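Data from entry_36.cif: mmCIF, C-alpha atoms (C1' of nucleotides)
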```cif
data_work
#
loop_
_atom_site.label_atom_id
_atom_site.label_comp_id
_atom_site.auth_asym_id
_atom_site.auth_seq_id
_atom_site.Cartn_x
_atom_site.Cartn_y
_atom_site.Cartn_z
CA MET A 4 102.55 121.14 103.85
CA SER A 5 105.70 119.06 103.58
CA LYS A 6 109.13 120.61 103.33
CA SER A 7 110.99 121.06 100.07
CA LEU A 8 112.87 118.18 98.57
CA SER A 9 115.71 120.41 97.40
CA PRO A 10 118.33 119.04 99.86
CA ILE A 11 118.26 115.67 98.12
CA VAL A 12 119.37 116.98 94.73
CA GLU A 13 123.12 117.24 95.19
CA PRO A 14 123.73 114.03 97.16
CA LEU A 15 121.55 112.15 94.71
CA LEU A 16 123.40 113.43 91.63
CA ASN A 17 126.77 112.70 93.24
CA TRP A 18 125.68 109.20 94.15
CA PHE A 19 124.41 108.60 90.62
CA ASP A 20 127.67 109.74 89.08
CA GLN A 21 129.47 107.13 91.17
CA ASN A 22 126.97 104.30 90.98
CA LYS A 23 125.04 104.35 87.75
CA ARG A 24 124.92 100.98 86.04
CA VAL A 25 126.12 100.48 82.52
CA LEU A 26 123.06 99.58 80.47
CA PRO A 27 122.66 99.16 76.71
CA TRP A 28 120.27 102.12 76.45
CA ARG A 29 122.62 104.38 78.38
CA GLN A 30 125.33 104.32 75.75
CA ASP A 31 124.00 107.49 74.16
CA LYS A 32 121.11 109.89 74.47
CA GLU A 33 119.58 109.23 71.09
CA PRO A 34 115.86 109.88 71.58
CA TYR A 35 115.04 106.84 69.48
CA HIS A 36 117.14 104.61 71.71
CA VAL A 37 115.81 106.09 74.93
CA TRP A 38 112.27 105.88 73.61
CA ILE A 39 112.47 102.20 72.67
CA SER A 40 114.04 101.33 76.00
CA GLU A 41 111.51 103.30 78.05
CA ILE A 42 108.60 101.65 76.27
CA MET A 43 110.11 98.20 76.72
CA LEU A 44 110.78 98.87 80.40
CA GLN A 45 107.16 99.78 81.12
CA GLN A 46 105.95 97.16 83.59
CA THR A 47 108.84 94.99 82.55
CA ARG A 48 112.05 94.02 84.34
CA ILE A 49 115.45 95.03 83.04
CA GLU A 50 116.57 91.40 82.65
CA ALA A 51 113.56 90.69 80.45
CA VAL A 52 114.23 93.69 78.24
CA MET A 53 117.95 93.11 77.64
CA GLY A 54 117.68 90.58 74.84
CA TYR A 55 114.78 92.27 73.12
CA TYR A 56 116.36 95.71 73.06
CA ALA A 57 119.47 94.75 71.11
CA ARG A 58 117.55 92.63 68.63
CA PHE A 59 114.93 95.31 68.11
CA LEU A 60 117.47 98.03 67.36
CA GLU A 61 119.34 95.80 65.00
CA ALA A 62 116.20 95.10 63.01
CA LEU A 63 114.78 98.61 63.29
CA PRO A 64 117.64 101.05 63.85
CA ASP A 65 115.69 104.28 63.43
CA VAL A 66 112.28 105.94 63.29
CA GLU A 67 112.04 105.55 59.55
CA SER A 68 112.56 101.80 59.53
CA LEU A 69 110.11 101.43 62.41
CA SER A 70 107.49 103.47 60.59
CA LYS A 71 107.69 101.12 57.62
CA VAL A 72 108.02 97.79 59.39
CA ASP A 73 105.66 94.99 58.46
CA ASP A 74 103.17 94.38 61.28
CA ASP A 75 103.99 90.70 61.59
CA ALA A 76 107.71 91.40 61.70
CA LEU A 77 107.11 94.01 64.39
CA MET A 78 105.09 91.64 66.54
CA LYS A 79 107.69 88.94 66.05
CA LEU A 80 110.27 91.28 67.57
CA TRP A 81 107.95 91.86 70.53
CA GLU A 82 106.83 88.25 70.91
CA GLY A 83 107.06 87.19 74.57
CA LEU A 84 107.50 90.69 76.02
CA GLY A 85 103.81 91.21 76.71
CA TYR A 86 101.59 94.29 76.54
CA TYR A 87 101.58 94.12 72.78
CA SER A 88 99.83 97.43 72.24
CA ARG A 89 103.18 98.95 73.21
CA ALA A 90 104.63 97.65 69.97
CA ARG A 91 101.66 98.74 67.88
CA ASN A 92 101.85 102.20 69.44
CA LEU A 93 105.56 102.41 68.68
CA LYS A 94 104.89 102.01 65.00
CA LYS A 95 101.96 104.45 65.10
CA ALA A 96 104.16 107.02 66.80
CA ALA A 97 106.97 106.44 64.29
CA ILE A 98 104.53 107.19 61.48
CA VAL A 99 103.41 110.38 63.24
CA ILE A 100 107.02 111.47 63.72
CA THR A 101 107.71 110.82 60.07
CA GLU A 102 104.61 112.55 58.77
CA GLU A 103 104.00 115.33 61.27
CA TYR A 104 107.51 116.12 62.46
CA GLY A 105 109.41 115.55 59.23
CA GLY A 106 111.14 112.55 60.78
CA GLU A 107 112.74 114.64 63.51
CA PHE A 108 112.07 113.37 67.01
CA PRO A 109 109.97 115.83 69.05
CA GLN A 110 111.95 117.30 71.92
CA ALA A 111 109.41 118.92 74.21
CA PHE A 112 107.53 117.06 76.91
CA ILE A 113 104.24 118.47 75.68
CA GLU A 114 104.85 117.22 72.14
CA LEU A 115 106.17 113.82 73.22
CA LYS A 116 103.11 113.24 75.35
CA LYS A 117 100.87 113.53 72.30
CA LEU A 118 102.44 110.47 70.69
CA PRO A 119 100.67 107.12 70.96
CA GLY A 120 102.01 105.08 73.87
CA ILE A 121 103.81 108.01 75.45
CA GLY A 122 102.19 109.14 78.68
CA GLU A 123 103.20 111.35 81.57
CA TYR A 124 106.09 109.18 82.72
CA THR A 125 107.62 108.33 79.36
CA ALA A 126 107.32 111.90 78.06
CA GLY A 127 109.13 113.08 81.19
CA ALA A 128 111.81 110.44 80.85
CA ILE A 129 112.61 111.20 77.20
CA ALA A 130 112.39 115.00 77.57
CA SER A 131 114.68 115.01 80.60
CA ILE A 132 117.16 112.29 79.65
CA CYS A 133 117.63 113.38 76.04
CA PHE A 134 117.05 117.11 76.27
CA ASP A 135 117.39 117.98 79.97
CA GLU A 136 113.97 119.55 80.05
CA LYS A 137 113.16 120.14 83.71
CA VAL A 138 110.23 117.76 83.99
CA PRO A 139 109.88 114.89 86.47
CA ALA A 140 109.51 111.24 85.46
CA VAL A 141 107.62 109.57 88.27
CA ASP A 142 107.51 105.80 88.22
CA GLY A 143 107.02 103.32 91.04
CA ASN A 144 110.63 103.58 92.17
CA VAL A 145 110.44 107.34 92.43
CA LEU A 146 107.20 107.17 94.39
CA ARG A 147 108.78 104.80 96.87
CA VAL A 148 111.91 106.91 97.35
CA ILE A 149 110.00 110.15 97.80
CA ALA A 150 107.41 108.59 100.11
CA ARG A 151 110.21 107.39 102.39
CA VAL A 152 112.21 110.61 102.26
CA GLN A 153 109.10 112.56 103.24
CA GLY A 154 107.79 109.93 105.63
CA SER A 155 104.53 110.21 103.73
CA ARG A 156 101.73 107.80 104.52
CA ASP A 157 99.83 108.67 101.36
CA ASN A 158 98.77 105.61 99.41
CA VAL A 159 101.25 105.47 96.54
CA LEU A 160 98.82 103.45 94.45
CA LEU A 161 96.49 106.43 94.11
CA PRO A 162 96.84 108.73 91.08
CA GLN A 163 96.54 111.70 93.42
CA THR A 164 99.73 110.71 95.23
CA LYS A 165 101.63 110.57 91.96
CA LYS A 166 100.28 114.00 91.05
CA THR A 167 101.42 115.48 94.33
CA VAL A 168 104.91 113.99 94.04
CA THR A 169 105.16 115.23 90.46
CA GLU A 170 104.30 118.76 91.56
CA GLN A 171 106.88 118.69 94.35
CA LEU A 172 109.59 117.41 92.04
CA LYS A 173 108.81 120.05 89.42
CA LYS A 174 109.91 122.70 91.91
CA ILE A 175 113.35 121.24 92.45
CA MET A 176 114.36 119.97 89.01
CA PRO A 177 118.05 120.82 88.53
CA GLN A 178 119.91 121.61 85.29
CA ARG A 179 120.86 117.98 85.03
CA ALA A 180 117.22 117.00 84.83
CA GLY A 181 117.80 113.67 83.10
CA ALA A 182 120.50 112.55 85.51
CA PHE A 183 118.30 113.56 88.43
CA ASN A 184 115.33 111.52 87.21
CA GLU A 185 117.51 108.53 86.42
CA ALA A 186 119.17 108.86 89.80
CA LEU A 187 115.86 108.69 91.65
CA MET A 188 114.88 105.58 89.73
CA GLU A 189 118.27 103.98 90.09
CA LEU A 190 118.30 104.61 93.83
CA GLY A 191 114.87 103.02 94.09
CA GLU A 192 116.04 99.98 92.22
CA LEU A 193 119.43 99.49 93.85
CA VAL A 194 119.16 100.90 97.38
CA CYS A 195 115.69 101.99 98.41
CA LEU A 196 114.36 98.48 97.91
CA PRO A 197 110.66 97.70 98.06
CA ASN A 198 110.65 94.44 100.03
CA GLY A 199 112.66 93.55 103.07
CA ALA A 200 115.13 95.98 104.47
CA PRO A 201 116.20 98.78 102.16
CA LEU A 202 119.96 99.37 102.17
CA CYS A 203 119.80 102.52 104.26
CA GLU A 204 123.42 102.21 105.41
CA SER A 205 124.61 102.89 101.88
CA CYS A 206 121.95 105.44 100.97
CA PRO A 207 123.07 108.94 100.03
CA LEU A 208 119.78 110.34 101.30
CA GLN A 209 119.96 108.75 104.73
CA GLU A 210 120.27 112.01 106.63
CA HIS A 211 117.38 113.51 104.65
CA CYS A 212 115.09 110.51 105.00
CA THR A 213 112.18 110.78 107.42
CA ALA A 214 111.26 107.10 107.17
CA TYR A 215 114.83 106.13 108.05
CA LYS A 216 115.01 108.50 111.00
CA LYS A 217 111.69 107.27 112.38
CA GLY A 218 112.32 103.61 111.62
CA LEU A 219 109.36 103.50 109.25
CA THR A 220 110.99 102.09 106.13
CA GLU A 221 108.97 98.89 106.51
CA GLN A 222 105.67 100.77 106.82
CA ILE A 223 106.33 103.20 103.98
CA PRO A 224 105.41 103.34 101.16
CA VAL A 225 101.78 102.65 101.96
CA ARG A 226 100.18 100.57 99.23
CA VAL A 227 96.50 100.07 99.86
CA LYS A 228 94.98 97.99 97.13
CA LYS A 229 91.54 98.86 96.08
CA MET A 230 89.63 95.80 97.12
CA LYS A 231 87.78 94.39 94.18
CA ARG A 232 84.46 93.50 95.72
CA LYS A 233 82.51 90.48 94.79
CA ARG A 234 78.88 90.87 93.98
CA ALA A 235 76.14 88.96 95.76
CA ASP A 236 72.47 89.10 94.80
CA LYS A 237 69.99 88.49 97.57
CA SER A 238 66.24 88.16 97.93
CA VAL A 239 65.19 89.41 101.34
CA PHE A 240 61.83 88.86 102.98
CA MET A 241 59.99 90.99 105.42
CA ILE A 242 57.51 88.41 106.63
CA THR A 243 54.66 89.44 108.87
CA ASP A 244 52.22 87.20 110.71
CA PRO A 245 48.55 88.07 111.44
CA ASP A 246 49.65 89.91 114.60
CA GLY A 247 51.97 92.11 112.60
CA ARG A 248 55.13 90.56 113.99
CA ILE A 249 58.16 90.37 111.75
CA ALA A 250 60.26 87.25 111.18
CA ILE A 251 63.97 87.55 111.94
CA GLU A 252 66.75 85.10 112.59
CA LYS A 253 70.19 85.16 114.15
CA ARG A 254 73.22 85.00 111.87
CA PRO A 255 75.95 82.43 112.52
CA ASP A 256 78.44 83.48 115.18
CA THR A 257 81.31 83.45 112.72
CA GLY A 258 81.97 85.33 109.50
CA LEU A 259 80.25 88.37 108.06
CA LEU A 260 78.03 90.22 110.56
CA SER A 261 78.43 87.34 112.97
CA GLY A 262 75.96 87.18 115.81
CA MET A 263 73.73 89.91 114.45
CA TYR A 264 70.15 89.41 113.36
CA GLN A 265 68.73 89.53 109.87
CA LEU A 266 65.61 89.31 107.82
CA PRO A 267 65.14 85.89 106.23
CA ASN A 268 66.88 85.88 102.87
CA VAL A 269 68.22 83.64 100.11
CA GLU A 270 70.99 83.90 97.55
CA GLY A 271 70.09 85.25 94.15
CA PHE A 272 67.06 86.81 92.51
CA HIS A 273 64.01 84.67 91.89
CA THR A 274 60.72 84.44 90.07
CA ASP A 275 57.43 84.62 91.96
CA ASP A 276 57.06 80.84 91.68
CA GLU A 277 60.49 80.29 93.14
CA LEU A 278 59.75 82.68 95.98
CA GLN A 279 56.57 80.74 96.75
CA GLU A 280 58.56 77.52 96.83
CA ILE A 281 61.17 78.98 99.18
CA LEU A 282 58.50 80.09 101.61
CA ARG A 283 56.80 76.72 101.39
CA GLN A 284 60.06 75.06 102.34
CA TRP A 285 60.14 77.31 105.37
CA GLU A 286 56.70 75.90 106.18
CA LEU A 287 55.03 79.23 105.71
CA VAL A 288 51.76 79.83 103.88
CA PRO A 289 51.94 83.16 102.11
CA ILE A 290 48.78 85.18 101.63
CA ASP A 291 50.57 87.55 99.30
CA ILE A 292 54.08 88.45 98.20
CA VAL A 293 54.72 92.06 97.24
CA PHE A 294 58.00 93.37 95.88
CA THR A 295 58.80 96.45 97.93
CA LYS A 296 62.20 97.83 97.01
CA GLU A 297 65.72 97.08 96.00
CA ALA A 298 68.86 98.32 97.66
CA LYS A 299 72.61 98.01 97.40
CA HIS A 300 74.85 97.63 100.39
CA VAL A 301 78.61 97.95 100.10
CA PHE A 302 80.93 96.06 102.43
CA THR A 303 84.72 96.23 102.18
CA HIS A 304 84.89 93.03 100.19
CA ILE A 305 81.39 92.40 98.86
CA ASP A 306 78.47 94.28 97.32
CA TRP A 307 75.01 93.08 98.23
CA TYR A 308 72.31 93.74 95.68
CA MET A 309 69.06 93.12 97.48
CA LYS A 310 65.48 92.80 96.34
CA ALA A 311 63.01 93.03 99.22
CA TYR A 312 59.58 91.40 99.40
CA HIS A 313 56.83 91.98 101.88
CA VAL A 314 55.20 88.68 102.64
CA THR A 315 52.02 88.21 104.68
CA VAL A 316 51.59 84.72 106.09
CA THR A 317 48.64 82.87 107.64
CA GLU A 318 50.47 82.06 110.85
CA HIS A 319 53.96 82.18 112.32
CA ASN A 320 56.15 79.18 113.08
CA ASP A 321 59.18 78.30 115.16
CA ARG A 322 61.70 78.52 112.37
CA PHE A 323 62.07 82.26 112.95
CA ILE A 324 61.92 84.74 115.78
CA TRP A 325 58.75 86.81 115.46
CA VAL A 326 59.03 90.27 116.91
CA THR A 327 57.15 93.54 116.87
CA GLU A 328 58.63 96.36 114.87
CA ASP A 329 59.28 98.19 118.13
CA LYS A 330 61.18 95.31 119.66
CA LEU A 331 63.15 94.78 116.47
CA LYS A 332 64.22 98.38 116.57
CA ASN A 333 65.18 98.35 120.24
CA SER A 334 66.32 94.87 121.14
CA TYR A 335 67.85 93.15 118.13
CA PRO A 336 71.02 94.31 116.40
CA LEU A 337 70.10 94.52 112.73
CA PRO A 338 72.84 95.37 110.22
CA THR A 339 72.45 98.51 108.14
CA ALA A 340 72.03 96.40 105.03
CA PHE A 341 68.68 95.22 106.33
CA GLN A 342 67.67 98.50 107.93
CA LYS A 343 67.67 99.92 104.42
CA LEU A 344 64.87 97.58 103.46
CA LEU A 345 62.48 98.32 106.31
"C1'" DC B 13 88.85 107.19 87.61
"C1'" DA B 14 88.83 102.13 87.35
"C1'" DC B 15 89.99 98.66 84.58
"C1'" DG B 16 92.45 95.64 81.26
"C1'" DC B 17 96.52 94.68 79.17
"C1'" DG B 18 101.22 89.82 79.38
"C1'" DT B 19 104.67 87.74 81.43
"C1'" DG B 20 107.72 85.94 84.83
"C1'" DG B 21 109.25 85.65 89.50
"C1'" DC B 22 107.91 84.99 94.09
"C1'" DT B 23 105.51 82.73 98.08
"C1'" DT C 27 99.90 74.67 92.61
"C1'" DA C 28 97.57 78.55 92.43
"C1'" DG C 29 97.47 83.14 93.66
"C1'" DC C 30 99.80 87.47 94.29
"C1'" DC C 31 102.53 91.08 92.51
"C1'" DA C 32 104.82 94.40 89.48
"C1'" DA C 33 103.67 100.39 88.68
"C1'" DG C 34 102.57 102.84 82.56
"C1'" DC C 35 99.14 103.70 79.05
"C1'" DG C 36 94.67 104.03 76.81
"C1'" DT C 37 89.98 103.84 77.28
#
```
I'd like the structure from this file rewritten - as structure tokens, please.
Amino acid sequence: MSKSLSPIVEPLLNWFDQNKRVLPWRQDKEPYHVWISEIMLQQTRIEAVMGYYARFLEALPDVESLSKVDDDALMKLWEGLGYYSRARNLKKAAIVITEEYGGEFPQAFIELKKLPGIGEYTAGAIASICFDEKVPAVDGNVLRVIARVQGSRDNVLLPQTKKTVTEQLKKIMPQRAGAFNEALMELGELVCLPNGAPLCESCPLQEHCTAYKKGLTEQIPVRVKKMKRKRADKSVFMITDPDGRIAIEKRPDTGLLSGMYQLPNVEGFHTDDELQEILRQWELVPIDIVFTKEAKHVFTHIDWYMKAYHVTVTEHNDRFIWVTEDKLKNSYPLPTAFQKLL
DNA sequence: CACGCGTGGCT
DNA sequence: TAGCCAAGCGT
């Protein structure tokens, strides 16, 4: 259980009042203006948005004009910004607002979130900034600031971490909900910087910040990427000679499972004819080849999909080490991946 | 929940 | 030069 965030509210609001940047979409709290800017700013840097925002509002100054815009004209306004479904969703939402809400912009978080392209963050941003509804708006900046303040080592890339932070912020949302949310984001962007040293000497939350006090601002936030594993298919042989000994070999002394032993295997899945040929190249004479089982083994960075074959051969050779099952179990380190096939 | 969606800036 | 990274939404 971490302690309440409530002590950060006042210093943060005071700092924001002194330091907020002047930005085109901060000139008023028109929901339409805030909406367009929030959508454009999704995954997109402020500098990139600047030019587009002014041009977009000039061409489409309100919900009604957006709801009627020609698709090509709309995409032309978005050309180069990326994530084009954002633009298509804007128009869809404008039509919904026109048809379902009589052209009046929904005000409640719960209603905003129903609109196409408006998710948890954007609904929170519009509801708080335009209407001071006490809902959080948790983006990457906010996650970083809160993780450091709390000294939390939770992986901020996990949805669960965002949920937890959202719940904690809900409890402390002040009257000035919009200013508070903007302040957290602004602090993240201007002071509580992601890379290199954050500007802790000018941070209004310094005395409330666990990461600062413990010198952990470089370690926090924790961002553990989910490793996207490659897939490798393997055909694995359990080869037995007339004495019932099993063929194994030693793996190279570098790389994956270095220095351990393994059952003979080849890359990929193969037809019976191909399997015969592989064994022949190993100078083995198979009496029969029987598919036994398949198994999957997950490493941190690779998934092995294995098909195992039991092969009986006429005689052993020197290409492999031939061992009894007992000796294999007791004397040779065999990775779990291969144990699964025995 | 994991993935794909665009682009530009960084190393 | 190519690869990594950003941190919202819909599916």
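CA of Val138 in chain A is found 28.1 Å from CA of Tyr55 in chain A.
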List the residues selected by the PyMOL selection byres ((chain B) within 7 of (chain A)) in the file shown, writing them as a PyMOL selection string. chain B and resi 17-19
Atoms to include: C-alpha atoms (C1' of nucleotides). Write the selected residues as an mmCIF file, in the frame of the given file.
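The file below, result03.cif, is the result:
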```
data_model
loop_
_atom_site.group_PDB
_atom_site.id
_atom_site.type_symbol
_atom_site.label_atom_id
_atom_site.label_comp_id
_atom_site.auth_asym_id
_atom_site.auth_seq_id
_atom_site.Cartn_x
_atom_site.Cartn_y
_atom_site.Cartn_z
ATOM 1 C "C1'" DC B 17 96.520 94.680 79.170
ATOM 2 C "C1'" DG B 18 101.220 89.820 79.380
ATOM 3 C "C1'" DT B 19 104.670 87.740 81.430
#
```
Which residues of chain A sit at most 7 Å from chain C, using all atoms listed in the file? Give each one's shortest atom pair and distance in Å (one decimal place), in chain and ascending residue order, as a Markdown table.
```
| residue | atom | partner | partner_atom | distance |
| --- | --- | --- | --- | --- |
| A:Gln45 | CA | C:DG34 | C1' | 5.7 |
| A:Gln46 | CA | C:DA33 | C1' | 6.4 |
| A:Gly120 | CA | C:DC35 | C1' | 6.1 |
| A:Gly122 | CA | C:DC35 | C1' | 6.2 |
| A:Asp142 | CA | C:DA33 | C1' | 6.7 |
| A:Gly143 | CA | C:DA33 | C1' | 5.0 |
```
Selection near range 179-182 of chain A, 12 Å with all atoms listed in the file, sequence-local residues under 2 positions removed, as a PyMOL selection string: chain A and resi 12-13+15-23+29+32+37+126-140+172-177+184-190
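Between CA of Pro245 in chain A and CA of Ile292 in chain A the interatomic distance comes to 14.4 Å.
The nearest approach to Lys71 in chain A among the residues A:Asn92, A:Asn320, A:Gln171, A:Thr101, with all atoms listed in the file taken into account, belongs to A:Thr101.
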Evaluate the PyMOL selection byres ((chain A and resi 39) around 12) and report residues as a ChimeraX atom specification: /A:27-29,32-38,40-45,52-53,55-60,63-66,69,81,89-90,92-94,96-97,120-121,125,128-129
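The coordinates place CA of Ala235 in chain A at 17.6 Å from CA of Gln342 in chain A.
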